[in-house]
Amino acid sequence: MVLIFPFDIFYLSSRYFLLRTLWRIALPLQAITFPDFFLADILTSMAKVFSDLERSVCRMVNRQKARLRTIAWLEADSVCGSHSIAIPTVLVLPYFWRLLQCLRQYKDTKEKTSLFNALKYSTAVPVIFLSALKYHVVPTKWTSVYRPLWLLSSVVNSLYSFYWDVTRDWDLSGFSRIFLFSRPSLCSNLFYGRQWIYFWTIGSNLILRCSWTYKLSAHLRHNYLTVFTITILEMLRRFQWIFFRVENEWNKMTRSSIQISMNEIPRDDEKLLSSNNHDV
């Protein structure tokens, strides 16, 4: 309610900007800007949140129907149980939005990098739907056919995402390849002076990328303590991803900037939020 409050209180311009960006994410009919894909990437970390929200709404709606029809609560629970097709559908939605953004970016720029990025987000689809198949096939077929496929797709998605984080989103390929910081050219544009921060980021991102697959798999989400722990870890992973993604974007803007007069220099936040020169 505060988010859609129409009066000029509670940071109206910021709330409007957030709502407008969400609308642009849901309908990527225009050129993709930095805030568009930046927020859409964050929404992929909230896939489980959207899934839980859908399940909560489903339970409330079916509980009300059950009360009106004098049907037991268990009937509503079966509708919204782990077998519901709505769960994987909602889980895949943020990845579908990013996929559309990448395709839109390719349409505008004709850069093949956007297609490879779109392929990265498409690798999350088999992880989600193969996991959901557990509730729709016989156990023997799940064990012999679909579970190995799910494991393979999970490994592909985790490693592909990790590779893209390091080499594209953060542009740390230079020292991820040789793990040496002795060359000044590699560190000339780094915001964070301590080298161990980058070592930590690369190593922890690999582990947390693999653990995040757990959250995308509906058949593994019955241990609530484990799910809660992995959710906290994903918050930390996304938090550190934000820092290094913004650092990389700012470095690219700084290196590509030209000399202009002081009265023509835009504010830092304006340059970043309106940037169209980026990889999505």
# chains A, B, ... in the order shown; residues from 1 in each chain; ligands from 1
call {"tool": "residues_around", "arguments": {"residues": "range 117-127 of chain A", "least_positions_apart": "4", "cutoff": "6 Å", "atoms": "only C-alpha atoms", "output": "list in words"}}
result
Tyr95, Leu99, Cys102, Trp150, Ser153, Ser154 and Asn157 of chain A
call {"tool": "residues_around", "arguments": {"residues": "Thr143 in chain A", "least_positions_apart": "4", "cutoff": "12 Å", "atoms": "only C-alpha atoms", "output": "ChimeraX atom specification"}}
result
/A:130-131,133-134,137-139,147-151
call {"tool": "closest_residue", "arguments": {"among": "A:Thr140, A:Thr231, A:Gln105, A:Asn248", "to": "Met46 in chain A", "atoms": "only C-alpha atoms"}}
result
A:Thr231
call {"tool": "atom_distance", "arguments": {"atom1": "CA of Pro35 in chain A", "atom2": "CA of Lys252 in chain A"}}
result
15.8 Å
call {"tool": "residues_around", "arguments": {"residues": "Phe162 in chain A", "least_positions_apart": "2", "cutoff": "8 Å", "atoms": "only C-alpha atoms", "output": "PyMOL selection string"}}
result
chain A and resi 158-160+164-166+205-206+209
call {"tool": "closest_residue", "arguments": {"among": "A:Ile32, A:Cys80, A:Thr89, A:Tyr135", "to": "Thr109 in chain A", "atoms": "only C-alpha atoms"}}
result
A:Ile32
call {"tool": "residues_around", "arguments": {"residues": "Leu236 in chain A", "least_positions_apart": "2", "cutoff": "12 Å", "atoms": "only C-alpha atoms", "output": "ChimeraX atom specification"}}
result
/A:42,45,201,204-205,208-209,212,229-234,238-243
